[in-house]
Every structure is written in C-alpha cells, then in structure tokens.
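Colleague: Next comes entry_0.cif, mmCIF, C-alpha atoms:
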```cif
data_entry
loop_
_atom_site.group_PDB
_atom_site.id
_atom_site.type_symbol
_atom_site.label_atom_id
_atom_site.label_comp_id
_atom_site.auth_asym_id
_atom_site.auth_seq_id
_atom_site.Cartn_x
_atom_site.Cartn_y
_atom_site.Cartn_z
ATOM 1 C CA MET A 1 17.201 -21.093 -17.673
ATOM 2 C CA ALA A 2 20.174 -22.408 -15.682
ATOM 3 C CA GLU A 3 22.240 -19.414 -16.812
ATOM 4 C CA HIS A 4 19.585 -17.076 -15.373
ATOM 5 C CA LYS A 5 19.659 -18.952 -12.052
ATOM 6 C CA LYS A 6 23.450 -18.695 -11.886
ATOM 7 C CA PHE A 7 23.364 -14.980 -12.644
ATOM 8 C CA THR A 8 20.548 -14.427 -10.143
ATOM 9 C CA ASP A 9 22.564 -16.256 -7.478
ATOM 10 C CA ALA A 10 25.688 -14.267 -8.364
ATOM 11 C CA LEU A 11 23.709 -11.013 -8.248
ATOM 12 C CA LYS A 12 22.235 -11.942 -4.868
ATOM 13 C CA THR A 13 25.692 -12.800 -3.526
ATOM 14 C CA ALA A 14 27.139 -9.533 -4.875
ATOM 15 C CA ARG A 15 24.339 -7.488 -3.300
ATOM 16 C CA LEU A 16 24.760 -9.211 0.046
ATOM 17 C CA ALA A 17 28.542 -8.748 -0.123
ATOM 18 C CA GLU A 18 28.063 -5.072 -0.987
ATOM 19 C CA ALA A 19 25.588 -4.726 1.889
ATOM 20 C CA ALA A 20 28.116 -6.281 4.288
ATOM 21 C CA HIS A 21 30.850 -3.957 3.003
ATOM 22 C CA LEU A 22 28.669 -0.867 3.390
ATOM 23 C CA ASP A 23 27.662 -1.984 6.869
ATOM 24 C CA ALA A 24 31.323 -2.224 7.830
ATOM 25 C CA LEU A 25 31.800 1.342 6.622
ATOM 26 C CA MET A 26 28.871 2.485 8.782
ATOM 27 C CA ASN A 27 26.807 3.465 5.768
ATOM 28 C CA VAL A 28 23.701 1.923 7.277
ATOM 29 C CA LYS A 29 21.120 3.529 5.017
ATOM 30 C CA ASP A 30 22.745 2.271 1.821
ATOM 31 C CA ALA A 31 23.228 -1.183 3.324
ATOM 32 C CA ARG A 32 19.524 -1.310 4.198
ATOM 33 C CA SER A 33 18.539 -0.215 0.698
ATOM 34 C CA LEU A 34 20.777 -2.863 -0.877
ATOM 35 C CA ARG A 35 19.345 -5.614 1.331
ATOM 36 C CA LEU A 36 15.828 -4.491 0.402
ATOM 37 C CA ALA A 37 16.862 -4.499 -3.275
ATOM 38 C CA ALA A 38 18.106 -8.067 -2.864
ATOM 39 C CA LEU A 39 14.729 -9.072 -1.376
ATOM 40 C CA ARG A 40 12.873 -7.274 -4.169
ATOM 41 C CA GLY A 41 15.081 -9.088 -6.697
ATOM 42 C CA LEU A 42 14.006 -12.430 -5.235
ATOM 43 C CA LEU A 43 10.309 -11.516 -5.183
ATOM 44 C CA LEU A 44 9.902 -10.033 -8.664
ATOM 45 C CA PRO A 45 10.529 -13.239 -10.652
ATOM 46 C CA GLN A 46 8.214 -15.171 -8.316
ATOM 47 C CA LEU A 47 5.326 -12.749 -8.910
ATOM 48 C CA ALA A 48 5.955 -12.039 -12.600
ATOM 49 C CA GLY A 49 3.082 -13.157 -14.772
ATOM 50 C CA HIS A 50 0.639 -13.836 -11.956
ATOM 51 C CA HIS A 51 -2.364 -11.695 -12.824
ATOM 52 C CA LEU A 52 -3.762 -11.948 -9.287
ATOM 53 C CA ALA A 53 -0.654 -10.321 -7.841
ATOM 54 C CA GLN A 54 -0.446 -7.586 -10.473
ATOM 55 C CA GLY A 55 -2.046 -4.365 -9.405
ATOM 56 C CA PHE A 56 -2.029 -5.594 -5.827
ATOM 57 C CA THR A 57 1.640 -5.594 -4.948
ATOM 58 C CA GLU A 58 3.804 -2.493 -4.998
ATOM 59 C CA LEU A 59 7.326 -3.875 -4.518
ATOM 60 C CA ALA A 60 8.667 -0.335 -4.527
ATOM 61 C CA ILE A 61 11.618 0.732 -2.414
ATOM 62 C CA MET A 62 10.986 4.112 -0.837
ATOM 63 C CA PRO A 63 14.114 5.894 0.390
ATOM 64 C CA GLY A 64 14.123 7.850 3.597
ATOM 65 C CA GLU A 65 15.476 7.705 7.118
ATOM 66 C CA THR A 66 14.291 4.098 7.164
ATOM 67 C CA PRO A 67 14.078 2.745 3.607
ATOM 68 C CA ARG A 68 11.009 0.537 3.022
ATOM 69 C CA LEU A 69 10.087 -2.103 0.484
ATOM 70 C CA TRP A 70 6.333 -1.599 0.122
ATOM 71 C CA ILE A 71 4.469 -4.836 -0.497
ATOM 72 C CA ASP A 72 0.999 -3.293 -0.773
ATOM 73 C CA LEU A 73 -0.755 -0.246 0.627
ATOM 74 C CA ILE A 74 -0.569 -1.398 4.245
ATOM 75 C CA SER A 75 2.512 -3.598 4.519
ATOM 76 C CA SER A 76 6.218 -3.125 4.022
ATOM 77 C CA VAL A 77 9.585 -4.662 4.807
ATOM 78 C CA VAL A 78 12.218 -2.669 6.666
ATOM 79 C CA ILE A 79 15.696 -3.520 7.886
ATOM 80 C CA GLU A 80 15.309 -3.126 11.644
ATOM 81 C CA PRO A 81 16.452 -2.982 14.439
ATOM 82 C CA ASP A 82 19.922 -3.465 12.946
ATOM 83 C CA THR A 83 21.232 -3.841 9.406
ATOM 84 C CA ARG A 84 20.908 -7.622 9.472
ATOM 85 C CA ASN A 85 17.206 -8.210 10.222
ATOM 86 C CA PHE A 86 14.336 -8.032 7.774
ATOM 87 C CA ARG A 87 11.062 -7.014 9.416
ATOM 88 C CA LEU A 88 7.656 -7.433 7.752
ATOM 89 C CA GLU A 89 5.309 -4.775 9.139
ATOM 90 C CA GLN A 90 1.645 -4.064 8.624
ATOM 91 C CA GLU A 91 0.067 -0.700 9.343
ATOM 92 C CA SER A 92 -3.340 -0.784 10.970
ATOM 93 C CA GLU A 93 -5.260 1.856 12.878
ATOM 94 C CA GLY A 94 -2.316 4.197 13.358
ATOM 95 C CA ARG A 95 0.165 1.568 14.517
ATOM 96 C CA ARG A 96 2.633 -0.836 12.942
ATOM 97 C CA ASP A 97 2.332 -4.511 13.751
ATOM 98 C CA ILE A 98 5.396 -6.710 13.275
ATOM 99 C CA LEU A 99 4.325 -9.824 11.370
ATOM 100 C CA HIS A 100 7.710 -11.509 10.982
ATOM 101 C CA GLU A 101 11.373 -10.782 11.631
ATOM 102 C CA THR A 102 14.399 -12.696 10.395
ATOM 103 C CA PRO A 103 17.986 -12.102 9.254
ATOM 104 C CA ASN A 104 17.550 -14.721 6.485
ATOM 105 C CA LEU A 105 16.821 -13.308 3.017
ATOM 106 C CA ASP A 106 15.307 -16.525 1.629
ATOM 107 C CA GLU A 107 13.082 -16.970 4.679
ATOM 108 C CA MET A 108 11.772 -13.416 4.376
ATOM 109 C CA SER A 109 11.121 -13.951 0.668
ATOM 110 C CA THR A 110 9.029 -17.033 1.480
ATOM 111 C CA VAL A 111 7.152 -15.219 4.243
ATOM 112 C CA VAL A 112 6.364 -12.255 1.968
ATOM 113 C CA LEU A 113 5.104 -14.560 -0.804
ATOM 114 C CA LYS A 114 2.829 -16.349 1.674
ATOM 115 C CA TYR A 115 1.636 -12.992 3.007
ATOM 116 C CA ILE A 116 0.784 -11.796 -0.517
ATOM 117 C CA ALA A 117 -1.064 -15.058 -1.224
ATOM 118 C CA HIS A 118 -3.140 -14.674 1.945
ATOM 119 C CA ARG A 119 -3.943 -11.041 1.089
ATOM 120 C CA VAL A 120 -5.050 -12.051 -2.430
ATOM 121 C CA VAL A 121 -7.327 -14.759 -0.985
ATOM 122 C CA ALA A 122 -8.780 -12.264 1.509
ATOM 123 C CA ARG A 123 -9.396 -9.794 -1.318
ATOM 124 C CA GLU A 124 -11.146 -12.492 -3.374
ATOM 125 C CA ARG A 125 -13.287 -13.477 -0.389
ATOM 126 C CA THR A 126 -14.312 -9.857 0.191
ATOM 127 C CA TRP A 127 -15.124 -9.437 -3.492
ATOM 128 C CA ALA A 128 -17.176 -12.659 -3.559
ATOM 129 C CA ARG A 129 -19.047 -11.674 -0.396
ATOM 130 C CA GLY A 130 -19.920 -8.321 -1.947
ATOM 131 C CA LYS A 131 -21.151 -10.002 -5.137
ATOM 132 C CA LEU A 132 -23.294 -12.538 -3.253
ATOM 133 C CA GLN A 133 -25.091 -10.044 -1.048
ATOM 134 C CA THR A 134 -28.451 -9.073 -2.463
ATOM 135 C CA VAL A 135 -29.803 -5.587 -2.124
ATOM 136 C CA ASP A 136 -33.545 -5.249 -1.461
ATOM 137 C CA SER A 137 -33.855 -1.833 -3.026
ATOM 138 C CA PRO A 138 -31.367 0.206 -4.989
ATOM 139 C CA PRO A 139 -29.663 2.900 -2.966
ATOM 140 C CA GLY A 140 -31.321 6.253 -3.347
ATOM 141 C CA TYR A 141 -33.266 8.999 -1.654
ATOM 142 C CA SER A 142 -36.926 9.229 -0.775
ATOM 143 C CA LEU A 143 -39.201 11.629 -2.647
ATOM 144 C CA GLY A 144 -39.617 13.745 0.498
ATOM 145 C CA ALA A 145 -35.857 14.138 0.923
ATOM 146 C CA LEU A 146 -35.411 15.157 -2.716
ATOM 147 C CA ALA A 147 -38.264 17.693 -2.462
ATOM 148 C CA TYR A 148 -36.774 19.158 0.734
ATOM 149 C CA VAL A 149 -33.330 19.552 -0.838
ATOM 150 C CA TRP A 150 -34.805 21.096 -4.011
ATOM 151 C CA PHE A 151 -36.966 23.546 -2.040
ATOM 152 C CA THR A 152 -34.056 24.520 0.219
ATOM 153 C CA GLY A 153 -31.836 25.147 -2.820
ATOM 154 C CA VAL A 154 -34.458 27.327 -4.488
ATOM 155 C CA MET A 155 -34.980 29.380 -1.325
ATOM 156 C CA LEU A 156 -31.231 29.883 -0.834
ATOM 157 C CA GLY A 157 -30.932 30.981 -4.478
ATOM 158 C CA VAL A 158 -33.748 33.523 -4.118
ATOM 159 C CA LEU A 159 -32.217 34.843 -0.894
ATOM 160 C CA ALA A 160 -28.805 35.178 -2.574
ATOM 161 C CA LEU A 161 -30.346 37.087 -5.493
ATOM 162 C CA LEU A 162 -32.155 39.473 -3.089
ATOM 163 C CA ILE A 163 -28.961 40.165 -1.180
ATOM 164 C CA LEU A 164 -27.082 40.750 -4.432
ATOM 165 C CA ALA A 165 -29.799 43.138 -5.677
ATOM 166 C CA ILE A 166 -29.688 45.115 -2.417
ATOM 167 C CA LEU A 167 -25.900 45.328 -2.524
ATOM 168 C CA LEU A 168 -25.913 46.504 -6.136
ATOM 169 C CA GLY A 169 -28.611 49.074 -5.387
ATOM 170 C CA PHE A 170 -31.395 47.714 -7.577
ATOM 171 C CA LEU A 171 -33.811 47.475 -4.682
ATOM 172 C CA ARG A 172 -34.443 50.231 -2.200
ATOM 173 C CA TYR A 173 -36.050 49.469 1.104
#
```
Represent the supplied structure as structure tokens.

Modeller:
Amino acid sequence: MAEHKKFTDALKTARLAEAAHLDALMNVKDARSLRLAALRGLLLPQLAGHHLAQGFTELAIMPGETPRLWIDLISSVVIEPDTRNFRLEQESEGRRDILHETPNLDEMSTVVLKYIAHRVVARERTWARGKLQTVDSPPGYSLGALAYVWFTGVMLGVLALLILAILLGFLRY
C-alpha cells in the first residue's frame, strides 16, 4: 500500500510540474486539463468502492475552451480565473454559483469530497421524504375525463375518414 502512496505522490508531483511547465509556455488549456486530471486522480481513489457515490458522481473531464471536471449533473470544477485557481461551480436556474475557490489541490479535493457527501445526504433525504408521503388515491383520471377523451377521439377519427373519402372521390356531395 505504501508503494501505491509513493507512486500516487510522484504522479501528482509530475502532473503539477507538467502543469507549471505548460503554463510557462502559455499553453493554458493543456495546463488547466492537467490540473483537473490531478484533482480527478486524487478523488477517484477516495470514491472507489463507495456504492452511494457510484452512479451519482461523473468525474469526467470535458475538453473545450474552458475544460471542466464534472462532479455531477449540476456541479463542476474549472481552473479560473487564472491557471492556478480551482473553482467549484454549481449551475442553478441559468447561472453558475461559485461554491469554493482555491489554488490548493488538496484543499479542493477535500471540498469536493464534502460537497459530494452533502449531495448524497440531500438525495437520501429527498428519497426518504418521497417514500414517507402517503397518497390518498392513486393518480389517475376521472370517468368523465376518460369518456370525453374517448368521444373526442372517435369524432376526430370519423371526421378524418369523411375527409379522406371526399378527397378520394368515394362520396359525392
């Protein structure tokens, strides 16, 4: 296990060194992607094997003008406003809210793990609330509404057949 920790530390150091090198060469997009990959590399082992986090977290890096590490469907980490700062953002109602910003990789990893834990708890609470609510009557339609829809459908069908018969010349008026 200690060998894995050493390699993980060496990999993290190499990615950060590569990110710094790319930043110096003004290759900002690649530097951002590498920093996001380093963050993803820290998060994956922490979440591996936790069934509550599986199917909930994305942890997918999406390339683009501003590469993003998607945490779930509404939150992501970007490297903004410069190539040194991690920014955890949440999309809500057509806007992006900044939840946390830091240049520290380990701090952002901790913040993202706490964020995921809070989202899992909120999902469980919503699920439990939905299971506890009792429904007085099963959802459905009244007999009058069903009869109205059936009658309307029959009348539209008859009208369509009459129009078709007139167009094809079967009926003369």

Colleague: Report as a list in words all protein, DNA and RNA residues lying within 7 Å of stretch 58-70 of chain A, evaluated on all atoms listed in the file, omitting residues in the same chain fewer than 6 positions from it.

Modeller: Arg32, Ser33, Leu36, Arg40, Ser76, Val77 and Val78 of chain A

Colleague: For the provided coordinates, the residues matched by the PyMOL selection byres ((chain A and resi 43) around 10) should be stated as a list in words.

Modeller: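 When the PyMOL selection byres ((chain A and resi 43) around 10) is applied to the shown file, the picked residues are Ala37, Ala38, Leu39, Arg40, Gly41, Leu42, Leu44, Pro45, Gln46, Leu47, Ala48, Leu59, Asp106, Met108, Ser109, Thr110, Val112 and Leu113 of chain A.
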
Colleague: Given all atoms listed in the file as the basis, pick out the residue of A:Arg84, A:Tyr148, A:Lys114, A:Gln90 nearest to A:Thr102.

Modeller: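 The answer is A:Arg84, which sits nearest to A:Thr102.
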
Colleague: Using atom CA of A:Glu93 and atom CA of A:Leu52 as the two end points, give the distance in Å to one decimal.

Modeller: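 Atom-to-atom, atom CA of A:Glu93 to atom CA of A:Leu52, that is 26.2 Å.
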
Colleague: Rounded to one decimal in Å, what is the spacing between atom CA of A:Glu107 and atom CA of A:Ala10?

Modeller: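 So the two atoms, atom CA of A:Glu107 and atom CA of A:Ala10, lie 18.3 Å apart.
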
Colleague: For a test of reading the model, state the distance in Å between atom CA of A:Ala53 and atom CA of A:Ala122, rounded to one decimal.

Modeller: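 Spanning atom CA of A:Ala53 to atom CA of A:Ala122 is a straight-line distance of 12.5 Å.
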
Colleague: Run through the PyMOL selection byres ((chain A and resi 16) around 12) on the given coordinates and return the selected residues as a PyMOL selection string.

Modeller: chain A and resi 9-15+17-23+30-39+41+83-84+103-105

Colleague: Which residue, A:Glu101, A:Gly130, A:Arg96, A:Arg123, has the smallest gap to A:Ile79 when you use all atoms listed in the file?

Modeller: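 Once distances to A:Ile79 are computed over all atoms listed in the file, the minimum belongs to A:Glu101.
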
Colleague: Restricting the calculation to only C-alpha atoms, which member of A:Leu88, A:Leu168, A:Leu143, A:Ala128 is positioned closest to A:Val111?

Modeller: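 That would be A:Leu88, the residue with the smallest distance to A:Val111.
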
Colleague: When you look at A:Ser75 with a cut-off of 6 Å (counting only C-alpha atoms), what residues show up, excluding the ones that are within fewer than 3 positions of it in the same chain? I need them as a tab-separated table (two decimals) with C-alpha atoms, keeping the file's coordinate frame.

Modeller:
```tsv
chain	number	residue	atom	x	y	z
A	71	ILE	CA	4.47	-4.84	-0.50
A	72	ASP	CA	1.00	-3.29	-0.77
A	89	GLU	CA	5.31	-4.78	9.14
A	90	GLN	CA	1.64	-4.06	8.62
```
